Each structure stands twice: as structure tokens, then as C-alpha cells.
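input_29.pdb follows (PDB, C-alpha atoms):
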```
ATOM      1  CA  MET A  93    -152.707  80.915  15.163  1.00  0.00           C
ATOM      2  CA  ARG A  94    -155.820  78.798  15.384  1.00  0.00           C
ATOM      3  CA  HIS A  95    -158.119  77.894  18.253  1.00  0.00           C
ATOM      4  CA  TYR A  96    -158.597  74.300  19.390  1.00  0.00           C
ATOM      5  CA  GLU A  97    -160.599  72.441  22.005  1.00  0.00           C
ATOM      6  CA  ILE A  98    -158.825  69.403  23.446  1.00  0.00           C
ATOM      7  CA  VAL A  99    -160.332  66.746  25.696  1.00  0.00           C
ATOM      8  CA  PHE A 100    -158.156  63.929  26.958  1.00  0.00           C
ATOM      9  CA  ILE A 101    -158.990  60.983  29.176  1.00  0.00           C
ATOM     10  CA  VAL A 102    -156.385  59.747  31.663  1.00  0.00           C
ATOM     11  CA  HIS A 103    -156.193  56.242  33.147  1.00  0.00           C
ATOM     12  CA  PRO A 104    -157.550  56.292  36.729  1.00  0.00           C
ATOM     13  CA  ASP A 105    -154.309  54.805  38.121  1.00  0.00           C
ATOM     14  CA  GLN A 106    -152.490  57.950  36.924  1.00  0.00           C
ATOM     15  CA  SER A 107    -155.066  60.475  38.215  1.00  0.00           C
ATOM     16  CA  GLU A 108    -152.537  61.916  40.659  1.00  0.00           C
ATOM     17  CA  GLN A 109    -150.251  62.742  37.702  1.00  0.00           C
ATOM     18  CA  VAL A 110    -152.874  64.879  35.919  1.00  0.00           C
ATOM     19  CA  PRO A 111    -151.671  68.249  37.340  1.00  0.00           C
ATOM     20  CA  GLN A 112    -148.094  67.540  36.194  1.00  0.00           C
ATOM     21  CA  MET A 113    -149.334  66.466  32.762  1.00  0.00           C
ATOM     22  CA  VAL A 114    -151.409  69.633  32.401  1.00  0.00           C
ATOM     23  CA  GLU A 115    -148.447  71.787  33.443  1.00  0.00           C
ATOM     24  CA  ARG A 116    -146.233  70.025  30.893  1.00  0.00           C
ATOM     25  CA  TYR A 117    -148.792  70.611  28.118  1.00  0.00           C
ATOM     26  CA  LYS A 118    -149.257  74.247  29.166  1.00  0.00           C
ATOM     27  CA  GLY A 119    -145.464  74.647  29.078  1.00  0.00           C
ATOM     28  CA  VAL A 120    -145.288  73.283  25.528  1.00  0.00           C
ATOM     29  CA  ILE A 121    -148.015  75.708  24.433  1.00  0.00           C
ATOM     30  CA  ALA A 122    -146.458  78.722  26.188  1.00  0.00           C
ATOM     31  CA  GLN A 123    -142.973  77.881  24.888  1.00  0.00           C
ATOM     32  CA  ARG A 124    -144.235  78.259  21.317  1.00  0.00           C
ATOM     33  CA  ASN A 125    -146.141  81.522  22.014  1.00  0.00           C
ATOM     34  CA  GLY A 126    -149.563  79.867  22.333  1.00  0.00           C
ATOM     35  CA  THR A 127    -152.181  80.576  24.972  1.00  0.00           C
ATOM     36  CA  VAL A 128    -154.528  78.480  27.090  1.00  0.00           C
ATOM     37  CA  HIS A 129    -157.925  80.174  27.145  1.00  0.00           C
ATOM     38  CA  ARG A 130    -159.791  77.621  29.282  1.00  0.00           C
ATOM     39  CA  LEU A 131    -158.625  74.708  31.396  1.00  0.00           C
ATOM     40  CA  GLU A 132    -161.114  72.474  33.210  1.00  0.00           C
ATOM     41  CA  ASP A 133    -160.439  69.383  35.238  1.00  0.00           C
ATOM     42  CA  TRP A 134    -163.661  67.382  35.210  1.00  0.00           C
ATOM     43  CA  GLY A 135    -162.274  64.735  37.537  1.00  0.00           C
ATOM     44  CA  ARG A 136    -163.086  61.031  37.491  1.00  0.00           C
ATOM     45  CA  ARG A 137    -166.180  60.112  35.534  1.00  0.00           C
ATOM     46  CA  GLN A 138    -167.892  56.942  34.414  1.00  0.00           C
ATOM     47  CA  LEU A 139    -167.059  55.912  30.846  1.00  0.00           C
ATOM     48  CA  ALA A 140    -169.888  55.121  28.428  1.00  0.00           C
ATOM     49  CA  TYR A 141    -168.200  51.790  27.688  1.00  0.00           C
ATOM     50  CA  PRO A 142    -165.063  50.105  29.093  1.00  0.00           C
ATOM     51  CA  LEU A 143    -161.707  50.985  27.539  1.00  0.00           C
ATOM     52  CA  ALA A 144    -159.052  48.332  28.219  1.00  0.00           C
ATOM     53  CA  LYS A 145    -161.174  46.966  31.100  1.00  0.00           C
ATOM     54  CA  VAL A 146    -161.338  50.434  32.700  1.00  0.00           C
ATOM     55  CA  HIS A 147    -164.776  51.763  33.678  1.00  0.00           C
ATOM     56  CA  LYS A 148    -163.822  55.189  35.066  1.00  0.00           C
ATOM     57  CA  ALA A 149    -161.298  57.745  33.876  1.00  0.00           C
ATOM     58  CA  HIS A 150    -160.068  61.272  34.588  1.00  0.00           C
ATOM     59  CA  TYR A 151    -161.248  63.938  32.101  1.00  0.00           C
ATOM     60  CA  VAL A 152    -159.481  67.225  31.247  1.00  0.00           C
ATOM     61  CA  LEU A 153    -160.659  69.949  28.842  1.00  0.00           C
ATOM     62  CA  MET A 154    -158.379  72.618  27.349  1.00  0.00           C
ATOM     63  CA  ASN A 155    -159.215  75.461  24.962  1.00  0.00           C
ATOM     64  CA  ILE A 156    -155.997  76.680  23.408  1.00  0.00           C
ATOM     65  CA  GLU A 157    -154.662  78.934  20.689  1.00  0.00           C
ATOM     66  CA  CYS A 158    -151.523  77.644  18.974  1.00  0.00           C
ATOM     67  CA  ASP A 159    -149.831  76.996  15.658  1.00  0.00           C
ATOM     68  CA  ASN A 160    -149.822  73.707  13.754  1.00  0.00           C
ATOM     69  CA  GLU A 161    -146.375  72.598  14.999  1.00  0.00           C
ATOM     70  CA  THR A 162    -147.446  72.951  18.635  1.00  0.00           C
ATOM     71  CA  LEU A 163    -150.617  71.005  17.924  1.00  0.00           C
ATOM     72  CA  LYS A 164    -148.618  68.192  16.314  1.00  0.00           C
ATOM     73  CA  GLU A 165    -146.305  68.066  19.329  1.00  0.00           C
ATOM     74  CA  LEU A 166    -149.260  67.880  21.736  1.00  0.00           C
ATOM     75  CA  GLU A 167    -150.925  65.165  19.681  1.00  0.00           C
ATOM     76  CA  HIS A 168    -147.654  63.218  19.578  1.00  0.00           C
ATOM     77  CA  SER A 169    -147.368  63.407  23.372  1.00  0.00           C
ATOM     78  CA  PHE A 170    -150.994  62.233  23.757  1.00  0.00           C
ATOM     79  CA  LYS A 171    -150.462  59.288  21.417  1.00  0.00           C
ATOM     80  CA  PHE A 172    -147.326  58.015  23.106  1.00  0.00           C
ATOM     81  CA  SER A 173    -148.368  58.586  26.710  1.00  0.00           C
ATOM     82  CA  ASP A 174    -149.494  55.382  28.402  1.00  0.00           C
ATOM     83  CA  ALA A 175    -151.581  57.422  30.842  1.00  0.00           C
ATOM     84  CA  VAL A 176    -153.789  58.990  28.125  1.00  0.00           C
ATOM     85  CA  LEU A 177    -156.482  56.515  27.097  1.00  0.00           C
ATOM     86  CA  ARG A 178    -158.149  58.747  24.472  1.00  0.00           C
ATOM     87  CA  HIS A 179    -157.853  62.296  23.191  1.00  0.00           C
ATOM     88  CA  LEU A 180    -159.927  64.500  20.919  1.00  0.00           C
ATOM     89  CA  ILE A 181    -158.780  67.701  19.224  1.00  0.00           C
ATOM     90  CA  VAL A 182    -161.402  69.891  17.552  1.00  0.00           C
ATOM     91  CA  GLY A 183    -160.737  73.111  15.632  1.00  0.00           C
ATOM     92  CA  MET A 184    -162.810  76.037  16.937  1.00  0.00           C
ATOM     93  CA  PRO A 185    -163.751  79.277  15.171  1.00  0.00           C
ATOM     94  CA  LYS A 186    -162.915  81.444  18.215  1.00  0.00           C
ATOM     95  CA  ALA A 187    -161.595  81.211  21.760  1.00  0.00           C
ATOM     96  CA  HIS A 188    -164.038  79.920  24.389  1.00  0.00           C
ATOM     97  CA  THR A 189    -163.451  81.143  27.927  1.00  0.00           C
ATOM     98  CA  ALA A 190    -166.878  80.580  29.532  1.00  0.00           C
ATOM     99  CA  PRO A 191    -167.412  77.455  31.634  1.00  0.00           C
ATOM    100  CA  SER A 192    -168.314  74.366  29.616  1.00  0.00           C
ATOM    101  CA  PRO A 193    -171.738  72.697  29.998  1.00  0.00           C
ATOM    102  CA  MET A 194    -170.080  69.991  32.134  1.00  0.00           C
ATOM    103  CA  MET A 195    -168.809  72.580  34.619  1.00  0.00           C
ATOM    104  CA  ARG A 196    -172.140  74.432  34.657  1.00  0.00           C
ATOM    105  CA  GLU A 197    -173.845  71.108  35.410  1.00  0.00           C
ATOM    106  CA  GLU A 198    -171.451  70.440  38.299  1.00  0.00           C
ATOM    107  CA  LYS A 199    -172.062  73.942  39.660  1.00  0.00           C
ATOM    108  CA  SER A 200    -175.840  73.524  39.474  1.00  0.00           C
ATOM    109  CA  LYS A 201    -175.585  70.125  41.196  1.00  0.00           C
ATOM    110  CA  SER A 202    -173.590  71.672  44.038  1.00  0.00           C
ATOM    111  CA  MET A 203    -176.112  74.502  44.322  1.00  0.00           C
ATOM    112  CA  MET A 204    -178.986  71.987  44.357  1.00  0.00           C
ATOM    113  CA  GLY A 205    -177.226  70.133  47.164  1.00  0.00           C
ATOM    114  CA  GLU A 206    -177.111  73.333  49.207  1.00  0.00           C
ATOM    115  CA  ARG A 207    -180.822  73.995  48.617  1.00  0.00           C
ATOM    116  CA  GLY A 208    -181.739  70.401  49.413  1.00  0.00           C
ATOM    117  CA  ALA A 209    -180.157  70.783  52.849  1.00  0.00           C
ATOM    118  CA  ASN A 210    -182.929  73.188  53.916  1.00  0.00           C
ATOM    119  CA  PRO A 211    -184.631  71.465  56.922  1.00  0.00           C
ATOM    120  CA  ALA A 212    -187.881  73.499  56.620  1.00  0.00           C
ATOM    121  CA  SER A 213    -188.804  71.906  53.284  1.00  0.00           C
ATOM    122  CA  GLU A 214    -188.217  68.303  54.378  1.00  0.00           C
ATOM    123  CA  GLY A 215    -191.619  67.689  56.043  1.00  0.00           C
ATOM    124  CA  ALA A 216    -193.960  68.894  53.284  1.00  0.00           C
ATOM    125  CA  PRO A 217    -194.587  66.566  50.344  1.00  0.00           C
ATOM    126  CA  GLU A 218    -194.071  67.861  46.843  1.00  0.00           C
ATOM    127  CA  PRO A 219    -197.335  68.908  45.133  1.00  0.00           C
ATOM    128  CA  SER A 220    -196.801  66.464  42.255  1.00  0.00           C
ATOM    129  CA  ARG A 221    -196.362  63.537  44.647  1.00  0.00           C
ATOM    130  CA  VAL A 222    -199.467  63.940  46.780  1.00  0.00           C
ATOM    131  CA  GLU A 223    -201.166  60.565  47.181  1.00  0.00           C
ATOM    132  CA  ARG A 224    -204.765  60.381  46.088  1.00  0.00           C
ATOM    133  CA  PRO A 225    -207.187  57.631  47.100  1.00  0.00           C
ATOM    134  CA  ALA A 226    -208.151  55.165  44.396  1.00  0.00           C
ATOM    135  CA  ALA A 227    -211.651  55.711  42.981  1.00  0.00           C
TER     136      ALA A 227
END
```

Can I see the file as C-alpha cells?
Amino acid sequence: MRHYEIVFIVHPDQSEQVPQMVERYKGVIAQRNGTVHRLEDWGRRQLAYPLAKVHKAHYVLMNIECDNETLKELEHSFKFSDAVLRHLIVGMPKAHTAPSPMMREEKSKSMMGERGANPASEGAPEPSRVERPAA
């Protein structure tokens, strides 16, 4: 069995159906003795350019291990699903289970938000932004 990384983009009107779609895809993989090593729901994000007059979409990342028949079945379901705007399947040399850079970025943003809520640091200006009189 080979390892694959799959990213698919779902139309924002069908965002509430994403958990059912993911469960269906996980069922197809498990039914054929494959495994899901990593599953990340990145949520709604801005698209780089509009697809079918849509500016935002729901992103999902899956790292899986499966055979070629399972991969063909997944790709077939992506192609003929009206909810999936785009999909990308990339072969990987090994299974990846660590959080993706997108999830690490989200985690660091949430941690920065917690630090920024510190009321003691609000009054002092940052050293790089100290105003100097003109000469």
C-alpha cells in the first residue's frame, strides 16, 4: 500500500456536509483495509482566485495509506461530487502524522491572541515604534 496526501476544497454552501463527506471517505478507505494517518479540517478560507464565482471555500486535508483501487474510487467520488470544487492527490514517500504547517500556523495565531490579551503590555509602546523628533 502507498501513502497519499489529499486536499479537497468544498463549496461553502455545503460546509455543513463536510463531516459526513469525511466519514464517507474514511469508510471507503477502512473498508478496503487502508488507514487514515492524518485528518485536518482547515475550515473556510479565502481562495487565491474565484472558482465558479466563489471566493471562499472549506478545506480538508487527509494523509492516507491505501491501494490503487481505493485511490481510484476516492478520486471518482471527488470528480462527480458537486460539493467538491477542487481536489489534489499527491503520492508521499511515508506517512505524515504531525500537524501540517497550516495547523501549526492556526495554533500559533491562537497563542498570539492569548498573549496579546495581556493588559500590562498595552500601555508601553514597542521599542521599534518609538517616535523620534525630526532633525

Residues within 8 Å of range 137-141 of chain A, all atoms listed in the file, excluding chain neighbours under 3 positions, as an MDAnalysis selection string: chainID A and resid 134 147:151

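Against the coordinates shown, the PyMOL selection byres ((chain A and resi 152) around 8) returns Val99, Phe100, Ile101, Leu131, Glu132, Asp133, Trp134, Gly135, His150, Tyr151, Leu153 and Met154 of chain A.
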
Residue selection dump (C-alpha atoms) as a short mmCIF file (atom, residue, chain, number, x, y, z; two decimals), keeping the file's coordinate frame:
```
data_model
loop_
_atom_site.label_atom_id
_atom_site.label_comp_id
_atom_site.auth_asym_id
_atom_site.auth_seq_id
_atom_site.Cartn_x
_atom_site.Cartn_y
_atom_site.Cartn_z
CA VAL A 99 -160.33 66.75 25.70
CA PHE A 100 -158.16 63.93 26.96
CA ILE A 101 -158.99 60.98 29.18
CA LEU A 131 -158.62 74.71 31.40
CA GLU A 132 -161.11 72.47 33.21
CA ASP A 133 -160.44 69.38 35.24
CA TRP A 134 -163.66 67.38 35.21
CA GLY A 135 -162.27 64.74 37.54
CA HIS A 150 -160.07 61.27 34.59
CA TYR A 151 -161.25 63.94 32.10
CA LEU A 153 -160.66 69.95 28.84
CA MET A 154 -158.38 72.62 27.35
#
```

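Rounded to one decimal, CA of Asp174 in chain A and CA of Gln123 in chain A lie 23.7 Å from each other.
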
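The spacing separating CA of Pro185 in chain A from CA of His95 in chain A amounts to 6.6 Å.
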
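Between CA of Thr162 in chain A and CA of Glu108 in chain A lies a distance of 25.2 Å.
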
Some atoms are missing, so please complete range 137-148 of chain A with all heavy atoms and return it as a short mmCIF file (atom, residue, chain, number, x, y, z; two decimals), in the frame of the given file.
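Result file out.cif:
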```
data_model
loop_
_atom_site.label_atom_id
_atom_site.label_comp_id
_atom_site.auth_asym_id
_atom_site.auth_seq_id
_atom_site.Cartn_x
_atom_site.Cartn_y
_atom_site.Cartn_z
N ARG A 137 -164.81 60.30 36.01
CA ARG A 137 -166.18 60.11 35.53
C ARG A 137 -166.33 58.70 34.98
O ARG A 137 -165.36 58.08 34.55
CB ARG A 137 -166.52 61.11 34.44
CG ARG A 137 -166.50 62.53 34.92
CD ARG A 137 -167.01 63.47 33.85
NE ARG A 137 -167.51 64.66 34.48
CZ ARG A 137 -168.75 64.82 34.93
NH1 ARG A 137 -169.62 63.88 34.80
NH2 ARG A 137 -169.11 65.95 35.49
N GLN A 138 -167.56 58.24 34.98
CA GLN A 138 -167.89 56.94 34.41
C GLN A 138 -167.77 57.01 32.90
O GLN A 138 -168.23 57.95 32.27
CB GLN A 138 -169.32 56.58 34.81
CG GLN A 138 -169.77 55.21 34.38
CD GLN A 138 -169.23 54.12 35.27
OE1 GLN A 138 -168.93 54.36 36.42
NE2 GLN A 138 -169.11 52.94 34.73
N LEU A 139 -167.16 56.00 32.30
CA LEU A 139 -167.06 55.91 30.85
C LEU A 139 -168.35 55.32 30.29
O LEU A 139 -169.02 54.53 30.95
CB LEU A 139 -165.88 55.03 30.44
CG LEU A 139 -164.49 55.54 30.81
CD1 LEU A 139 -163.45 54.48 30.51
CD2 LEU A 139 -164.16 56.80 30.04
N ALA A 140 -168.69 55.67 29.07
CA ALA A 140 -169.89 55.12 28.43
C ALA A 140 -169.72 53.62 28.17
O ALA A 140 -170.68 52.86 28.22
CB ALA A 140 -170.17 55.85 27.12
N TYR A 141 -168.51 53.20 27.89
CA TYR A 141 -168.20 51.79 27.69
C TYR A 141 -166.76 51.57 28.15
O TYR A 141 -165.96 52.50 28.14
CB TYR A 141 -168.38 51.37 26.23
CG TYR A 141 -167.58 52.17 25.24
CD1 TYR A 141 -166.30 51.79 24.87
CD2 TYR A 141 -168.10 53.33 24.69
CE1 TYR A 141 -165.57 52.53 23.98
CE2 TYR A 141 -167.38 54.08 23.78
CZ TYR A 141 -166.11 53.67 23.43
OH TYR A 141 -165.39 54.42 22.54
N PRO A 142 -166.41 50.35 28.58
CA PRO A 142 -165.06 50.10 29.09
C PRO A 142 -163.99 50.26 28.01
O PRO A 142 -164.18 49.85 26.87
CB PRO A 142 -165.11 48.66 29.58
CG PRO A 142 -166.53 48.27 29.60
CD PRO A 142 -167.28 49.19 28.70
N LEU A 143 -162.89 50.88 28.39
CA LEU A 143 -161.71 50.98 27.54
C LEU A 143 -160.60 50.22 28.24
O LEU A 143 -160.21 50.58 29.34
CB LEU A 143 -161.27 52.44 27.38
CG LEU A 143 -162.21 53.39 26.67
CD1 LEU A 143 -161.67 54.81 26.75
CD2 LEU A 143 -162.37 52.99 25.22
N ALA A 144 -160.11 49.16 27.64
CA ALA A 144 -159.05 48.33 28.22
C ALA A 144 -159.41 47.90 29.64
O ALA A 144 -158.60 48.02 30.56
CB ALA A 144 -157.72 49.07 28.18
N LYS A 145 -160.65 47.45 29.82
CA LYS A 145 -161.17 46.97 31.10
C LYS A 145 -161.20 48.05 32.18
O LYS A 145 -161.15 47.76 33.36
CB LYS A 145 -160.40 45.75 31.58
CG LYS A 145 -160.51 44.57 30.64
CD LYS A 145 -159.78 43.36 31.19
CE LYS A 145 -159.87 42.21 30.20
NZ LYS A 145 -159.16 41.05 30.68
N VAL A 146 -161.26 49.30 31.77
CA VAL A 146 -161.34 50.43 32.70
C VAL A 146 -162.73 51.04 32.57
O VAL A 146 -163.20 51.30 31.45
CB VAL A 146 -160.25 51.49 32.36
CG1 VAL A 146 -160.41 52.71 33.23
CG2 VAL A 146 -158.88 50.89 32.52
N HIS A 147 -163.41 51.25 33.70
CA HIS A 147 -164.78 51.76 33.68
C HIS A 147 -164.87 53.23 34.06
O HIS A 147 -165.88 53.87 33.79
CB HIS A 147 -165.66 50.93 34.62
CG HIS A 147 -165.76 49.51 34.19
ND1 HIS A 147 -166.62 49.09 33.20
CD2 HIS A 147 -165.08 48.40 34.59
CE1 HIS A 147 -166.49 47.79 33.02
NE2 HIS A 147 -165.56 47.34 33.85
N LYS A 148 -163.85 53.77 34.71
CA LYS A 148 -163.82 55.19 35.07
C LYS A 148 -162.51 55.77 34.59
O LYS A 148 -161.50 55.07 34.50
CB LYS A 148 -163.93 55.37 36.58
CG LYS A 148 -165.29 55.08 37.13
CD LYS A 148 -165.41 55.50 38.57
CE LYS A 148 -166.84 55.29 39.02
NZ LYS A 148 -167.12 56.02 40.23
#
```
